[in-house]
Amino acid sequence: MNNSAVSTGLSSLSLSQRLVAGLLALMLGLTLLVGTGFAGDYRLHNGAHDTRHAMGFPCH
Amino acid sequence: MFRNLFFAALVAALCAGLATSAFQAWRVTPLIFAAESFEGSGGEAHVHAEGTAAHEHDDAAAVSAHEHGDDEWMPQDGLERTAFTVFSNILMAAGYALIIGAVSVLFNLPVTFANGLLWGVGGFAAFTLAPALGLPPGMPGMPVADTLARQIWWFSAAIGTGAALVLVAKVRAPWALAVAVALILLPQLIAAPQAPDDPTGVPPRMTAEFVSAVLYNGALFWVVLGLAFGWMADFLAARPAPQLNGAKA
């Protein structure tokens with residue numbers, strides 16, 4: 001019932017659709033990564049402290 | 001399609017975040033706790049950990065004025081600290097999963113269960129191995145170089161290797177391979193910020209154990225993330241057309 005263009009997903013999208021979805025996901029992903037692994041704020045740092053060390057992020 | 005991407009990333013993040021939490025509780029966190037006992041012995045100020053015994057916290061407050069005050073909020077050891085770590089592991093995993101999803105969409109490189117392992121190994125190479133080559137994963141209480149400088153180097157190593165892998169995946173040509181090798185090597189040739197040669201109370205054997213634990217942790221995390229992402233993306237793509245049309249809007 002679903003044609004192959006739909007079921008393969010990615011390739012059926014136009015370039016602009018991919019740009020919007022990709023950049024949105026990239027921004028959200030980087031925000032989460034920086035928030036957990038890199039932010040200087042001491043609350044974020046101390047809350048995610050063990051995650052930072054365990055994942056090899058530069059920590060104190 | 002967009003909804004599929006976010007949903008696949010969410011499920012992958014949950015799987016990888018919980019997997020790494022279990023591994024951390026087993027092999028990583030005990031080492032962090034042990035190192036912290038040495039950190040305390042040298043004063044709260046991590047950079048100045050001297051390994052000398054029996055310092056009062058009040059003494060340390062004078063030294064630690066620059067970064068870590070004793071009155072700073074931090075989760076209580078025990079359940080609260082574990083909960084914060086699991087939560088931040090999942091958020092961190094969601095960050096990585098969305099970045100993988102973004103790379104997949106932007107460069108038209110689908111993530112499937114069949115190639116999920118390859119994505120996982122790629123993520124491990126870019127985000128664990130490449131940064132660890134110049135900045136060995138460290139425990140609390142060890143001397144370190146300036147944090148911002150290390151963070152910048154960490155990112156350049158990760159992005160260089162990640163970009164190289166995407167380039168090789170997209171362009172099958174000798175020149176692409178040459179550029180990829182250059183992208184991987186460049187941050188490594190620009191030396192990573194070196195830690196000062198300060199004394200530390202953390203035993204060397206523990207330091208070495210920690211590096212291998214972090215590398216295994218990264219490998220497990222990335223393999224689970226790649227496979228779960230691919231499995232979920234396959235599952236969602238195979239769902240009936242009306243669902244997909246809804247998601248495309």
# chains A, B, ... in the order shown; residues from 1 in each chain; ligands from 1

$ interface_residues --of "chain A" --to "chain B" --cutoff "8 Å" --atoms "only C-alpha atoms" --output "PDB file with N, CA and C atoms, in the first residue's frame"
ATOM      1  N   MET A   1       0.810  -1.196   0.000  1.00  0.00           N
ATOM      2  CA  MET A   1       0.000   0.000   0.000  1.00  0.00           C
ATOM      3  C   MET A   1       0.856   1.265   0.000  1.00  0.00           C
ATOM      4  N   ASN A   2       1.978   1.222   0.673  1.00  0.00           N
ATOM      5  CA  ASN A   2       2.826   2.409   0.614  1.00  0.00           C
ATOM      6  C   ASN A   2       3.869   2.238  -0.481  1.00  0.00           C
ATOM      7  N   VAL A   6       7.784   6.618  -0.558  1.00  0.00           N
ATOM      8  CA  VAL A   6       7.392   7.046   0.781  1.00  0.00           C
ATOM      9  C   VAL A   6       8.130   6.232   1.834  1.00  0.00           C
ATOM     10  N   SER A   7       8.218   4.922   1.590  1.00  0.00           N
ATOM     11  CA  SER A   7       8.783   4.084   2.642  1.00  0.00           C
ATOM     12  C   SER A   7      10.285   4.297   2.791  1.00  0.00           C
ATOM     13  N   THR A   8      10.941   4.762   1.750  1.00  0.00           N
ATOM     14  CA  THR A   8      12.369   5.046   1.935  1.00  0.00           C
ATOM     15  C   THR A   8      12.577   6.382   2.636  1.00  0.00           C
ATOM     16  N   GLY A   9      11.509   7.195   2.707  1.00  0.00           N
ATOM     17  CA  GLY A   9      11.553   8.374   3.574  1.00  0.00           C
ATOM     18  C   GLY A   9      12.433   9.494   3.078  1.00  0.00           C
ATOM     19  N   LEU A  10      13.687   9.429   3.453  1.00  0.00           N
ATOM     20  CA  LEU A  10      14.601  10.551   3.233  1.00  0.00           C
ATOM     21  C   LEU A  10      14.608  11.080   1.816  1.00  0.00           C
ATOM     22  N   SER A  11      14.784  10.169   0.861  1.00  0.00           N
ATOM     23  CA  SER A  11      15.003  10.620  -0.512  1.00  0.00           C
ATOM     24  C   SER A  11      13.740  11.234  -1.116  1.00  0.00           C
ATOM     25  N   ARG A  18      14.471  18.965   3.782  1.00  0.00           N
ATOM     26  CA  ARG A  18      15.574  18.332   4.504  1.00  0.00           C
ATOM     27  C   ARG A  18      16.400  19.361   5.259  1.00  0.00           C
ATOM     28  N   LEU A  19      16.597  20.520   4.637  1.00  0.00           N
ATOM     29  CA  LEU A  19      17.367  21.577   5.311  1.00  0.00           C
ATOM     30  C   LEU A  19      16.682  22.027   6.590  1.00  0.00           C
ATOM     31  N   ALA A  21      14.330  20.447   8.460  1.00  0.00           N
ATOM     32  CA  ALA A  21      14.312  19.388   9.486  1.00  0.00           C
ATOM     33  C   ALA A  21      15.709  19.160  10.038  1.00  0.00           C
ATOM     34  N   GLY A  22      16.712  19.145   9.149  1.00  0.00           N
ATOM     35  CA  GLY A  22      18.082  18.862   9.571  1.00  0.00           C
ATOM     36  C   GLY A  22      18.634  19.951  10.469  1.00  0.00           C
ATOM     37  N   LEU A  23      18.420  21.210  10.083  1.00  0.00           N
ATOM     38  CA  LEU A  23      18.968  22.297  10.891  1.00  0.00           C
ATOM     39  C   LEU A  23      18.260  22.405  12.234  1.00  0.00           C
ATOM     40  N   LEU A  24      16.951  22.129  12.225  1.00  0.00           N
ATOM     41  CA  LEU A  24      16.193  22.144  13.477  1.00  0.00           C
ATOM     42  C   LEU A  24      16.728  21.072  14.429  1.00  0.00           C
ATOM     43  N   ALA A  25      16.893  19.869  13.895  1.00  0.00           N
ATOM     44  CA  ALA A  25      17.399  18.768  14.727  1.00  0.00           C
ATOM     45  C   ALA A  25      18.818  19.072  15.195  1.00  0.00           C
ATOM     46  N   LEU A  26      19.615  19.671  14.316  1.00  0.00           N
ATOM     47  CA  LEU A  26      21.004  19.980  14.677  1.00  0.00           C
ATOM     48  C   LEU A  26      21.061  21.002  15.809  1.00  0.00           C
ATOM     49  N   LEU A  28      18.715  21.727  18.042  1.00  0.00           N
ATOM     50  CA  LEU A  28      18.201  21.136  19.284  1.00  0.00           C
ATOM     51  C   LEU A  28      19.225  20.163  19.876  1.00  0.00           C
ATOM     52  N   GLY A  29      19.842  19.371  19.009  1.00  0.00           N
ATOM     53  CA  GLY A  29      20.832  18.400  19.468  1.00  0.00           C
ATOM     54  C   GLY A  29      22.038  19.070  20.080  1.00  0.00           C
ATOM     55  N   LEU A  30      22.523  20.134  19.419  1.00  0.00           N
ATOM     56  CA  LEU A  30      23.693  20.836  19.957  1.00  0.00           C
ATOM     57  C   LEU A  30      23.366  21.514  21.287  1.00  0.00           C
ATOM     58  N   THR A  31      22.133  22.051  21.388  1.00  0.00           N
ATOM     59  CA  THR A  31      21.732  22.684  22.649  1.00  0.00           C
ATOM     60  C   THR A  31      21.781  21.668  23.792  1.00  0.00           C
ATOM     61  N   LEU A  32      21.249  20.479  23.540  1.00  0.00           N
ATOM     62  CA  LEU A  32      21.254  19.447  24.581  1.00  0.00           C
ATOM     63  C   LEU A  32      22.680  19.011  24.904  1.00  0.00           C
ATOM     64  N   LEU A  33      23.499  18.867  23.861  1.00  0.00           N
ATOM     65  CA  LEU A  33      24.880  18.415  24.078  1.00  0.00           C
ATOM     66  C   LEU A  33      25.683  19.448  24.860  1.00  0.00           C
ATOM     67  N   THR A  36      24.444  19.643  28.554  1.00  0.00           N
ATOM     68  CA  THR A  36      24.862  18.575  29.457  1.00  0.00           C
ATOM     69  C   THR A  36      26.385  18.473  29.550  1.00  0.00           C
ATOM     70  N   GLY A  37      27.086  18.721  28.452  1.00  0.00           N
ATOM     71  CA  GLY A  37      28.508  18.420  28.444  1.00  0.00           C
ATOM     72  C   GLY A  37      29.445  19.610  28.536  1.00  0.00           C
ATOM     73  N   PHE A  38      28.957  20.842  28.248  1.00  0.00           N
ATOM     74  CA  PHE A  38      29.902  21.935  28.081  1.00  0.00           C
ATOM     75  C   PHE A  38      29.552  23.215  28.818  1.00  0.00           C
ATOM     76  N   TYR A  42      27.306  26.546  37.000  1.00  0.00           N
ATOM     77  CA  TYR A  42      27.682  25.515  37.972  1.00  0.00           C
ATOM     78  C   TYR A  42      26.550  24.540  38.249  1.00  0.00           C
ATOM     79  N   ARG A  43      25.271  24.991  38.111  1.00  0.00           N
ATOM     80  CA  ARG A  43      24.172  24.053  38.353  1.00  0.00           C
ATOM     81  C   ARG A  43      24.144  22.990  37.267  1.00  0.00           C
ATOM     82  N   ASN A  46      27.317  20.754  37.819  1.00  0.00           N
ATOM     83  CA  ASN A  46      27.267  19.811  38.936  1.00  0.00           C
ATOM     84  C   ASN A  46      26.183  18.759  38.741  1.00  0.00           C
ATOM     85  N   GLY A  47      25.065  19.165  38.121  1.00  0.00           N
ATOM     86  CA  GLY A  47      24.002  18.202  37.879  1.00  0.00           C
ATOM     87  C   GLY A  47      24.429  17.113  36.914  1.00  0.00           C
ATOM     88  N   ALA A  48      25.188  17.501  35.881  1.00  0.00           N
ATOM     89  CA  ALA A  48      25.607  16.543  34.855  1.00  0.00           C
ATOM     90  C   ALA A  48      27.047  16.087  35.071  1.00  0.00           C
ATOM     91  N   HIS A  49      27.574  16.317  36.273  1.00  0.00           N
ATOM     92  CA  HIS A  49      29.002  16.107  36.521  1.00  0.00           C
ATOM     93  C   HIS A  49      29.497  14.719  36.123  1.00  0.00           C
ATOM     94  N   ASP A  50      28.803  13.672  36.595  1.00  0.00           N
ATOM     95  CA  ASP A  50      29.290  12.315  36.345  1.00  0.00           C
ATOM     96  C   ASP A  50      29.142  11.931  34.863  1.00  0.00           C
ATOM     97  N   THR A  51      28.102  12.477  34.215  1.00  0.00           N
ATOM     98  CA  THR A  51      27.939  12.252  32.778  1.00  0.00           C
ATOM     99  C   THR A  51      29.141  12.822  32.027  1.00  0.00           C
ATOM    100  N   HIS A  53      32.227  13.385  33.030  1.00  0.00           N
ATOM    101  CA  HIS A  53      33.442  12.585  33.188  1.00  0.00           C
ATOM    102  C   HIS A  53      33.325  11.262  32.439  1.00  0.00           C
ATOM    103  N   ALA A  54      32.152  10.622  32.542  1.00  0.00           N
ATOM    104  CA  ALA A  54      31.990   9.294  31.958  1.00  0.00           C
ATOM    105  C   ALA A  54      32.033   9.319  30.435  1.00  0.00           C
ATOM    106  N   MET A  55      31.623  10.448  29.831  1.00  0.00           N
ATOM    107  CA  MET A  55      31.612  10.524  28.373  1.00  0.00           C
ATOM    108  C   MET A  55      32.873  11.186  27.828  1.00  0.00           C
ATOM    109  N   GLY A  56      33.802  11.526  28.692  1.00  0.00           N
ATOM    110  CA  GLY A  56      35.062  12.087  28.226  1.00  0.00           C
ATOM    111  C   GLY A  56      34.979  13.542  27.807  1.00  0.00           C
ATOM    112  N   PHE A  57      33.927  14.257  28.243  1.00  0.00           N
ATOM    113  CA  PHE A  57      33.886  15.691  27.973  1.00  0.00           C
ATOM    114  C   PHE A  57      34.939  16.388  28.837  1.00  0.00           C
ATOM    115  N   PRO A  58      35.482  17.501  28.347  1.00  0.00           N
ATOM    116  CA  PRO A  58      36.448  18.223  29.181  1.00  0.00           C
ATOM    117  C   PRO A  58      35.758  18.738  30.433  1.00  0.00           C
ATOM    118  N   CYS A  59      36.217  18.283  31.566  1.00  0.00           N
ATOM    119  CA  CYS A  59      35.624  18.708  32.839  1.00  0.00           C
ATOM    120  C   CYS A  59      36.745  19.275  33.707  1.00  0.00           C
ATOM    121  N   HIS A  60      36.414  19.617  34.916  1.00  0.00           N
ATOM    122  CA  HIS A  60      37.448  20.170  35.795  1.00  0.00           C
ATOM    123  C   HIS A  60      38.450  19.081  36.172  1.00  0.00           C
TER     124      HIS A  60
END

$ atom_distance --atom1 "CA of Thr112 (chain B)" --atom2 "CA of Trp231 (chain B)"
6.2 Å

$ atom_distance --atom1 "CA of Gly120 (chain B)" --atom2 "CA of Ala173 (chain B)"
23.4 Å

$ select_by_dssp --residues "chain A" --states "alpha helix (DSSP H)" --output "short mmCIF file (atom, residue, chain, number, x, y, z; two decimals) with C-alpha atoms, in the first residue's frame"
data_model
loop_
_atom_site.label_atom_id
_atom_site.label_comp_id
_atom_site.auth_asym_id
_atom_site.auth_seq_id
_atom_site.Cartn_x
_atom_site.Cartn_y
_atom_site.Cartn_z
CA SER A 4 8.69 2.77 -2.19
CA ALA A 5 9.32 6.52 -2.42
CA VAL A 6 7.39 7.05 0.78
CA SER A 7 8.78 4.08 2.64
CA LEU A 15 16.02 19.76 -0.40
CA SER A 16 14.40 22.60 1.51
CA GLN A 17 12.38 20.17 3.63
CA ARG A 18 15.57 18.33 4.50
CA LEU A 19 17.37 21.58 5.31
CA VAL A 20 14.64 22.73 7.68
CA ALA A 21 14.31 19.39 9.49
CA GLY A 22 18.08 18.86 9.57
CA LEU A 23 18.97 22.30 10.89
CA LEU A 24 16.19 22.14 13.48
CA ALA A 25 17.40 18.77 14.73
CA LEU A 26 21.00 19.98 14.68
CA MET A 27 20.24 23.07 16.75
CA LEU A 28 18.20 21.14 19.28
CA GLY A 29 20.83 18.40 19.47
CA LEU A 30 23.69 20.84 19.96
CA THR A 31 21.73 22.68 22.65
CA LEU A 32 21.25 19.45 24.58
CA LEU A 33 24.88 18.42 24.08
CA VAL A 34 26.29 21.77 25.15
CA GLY A 35 23.84 21.95 28.06
CA THR A 36 24.86 18.58 29.46
CA GLY A 37 28.51 18.42 28.44
CA TYR A 42 27.68 25.52 37.97
CA ARG A 43 24.17 24.05 38.35
CA LEU A 44 24.33 22.46 34.91
CA HIS A 45 27.92 21.42 35.56
CA ASN A 46 27.27 19.81 38.94
CA GLY A 47 24.00 18.20 37.88
CA HIS A 49 29.00 16.11 36.52
CA ASP A 50 29.29 12.31 36.34
CA THR A 51 27.94 12.25 32.78
CA ARG A 52 30.67 14.67 31.73
CA HIS A 53 33.44 12.58 33.19
CA ALA A 54 31.99 9.29 31.96
#

$ atom_distance --atom1 "CA of Ala8 (chain B)" --atom2 "CA of Met232 (chain B)"
5.2 Å
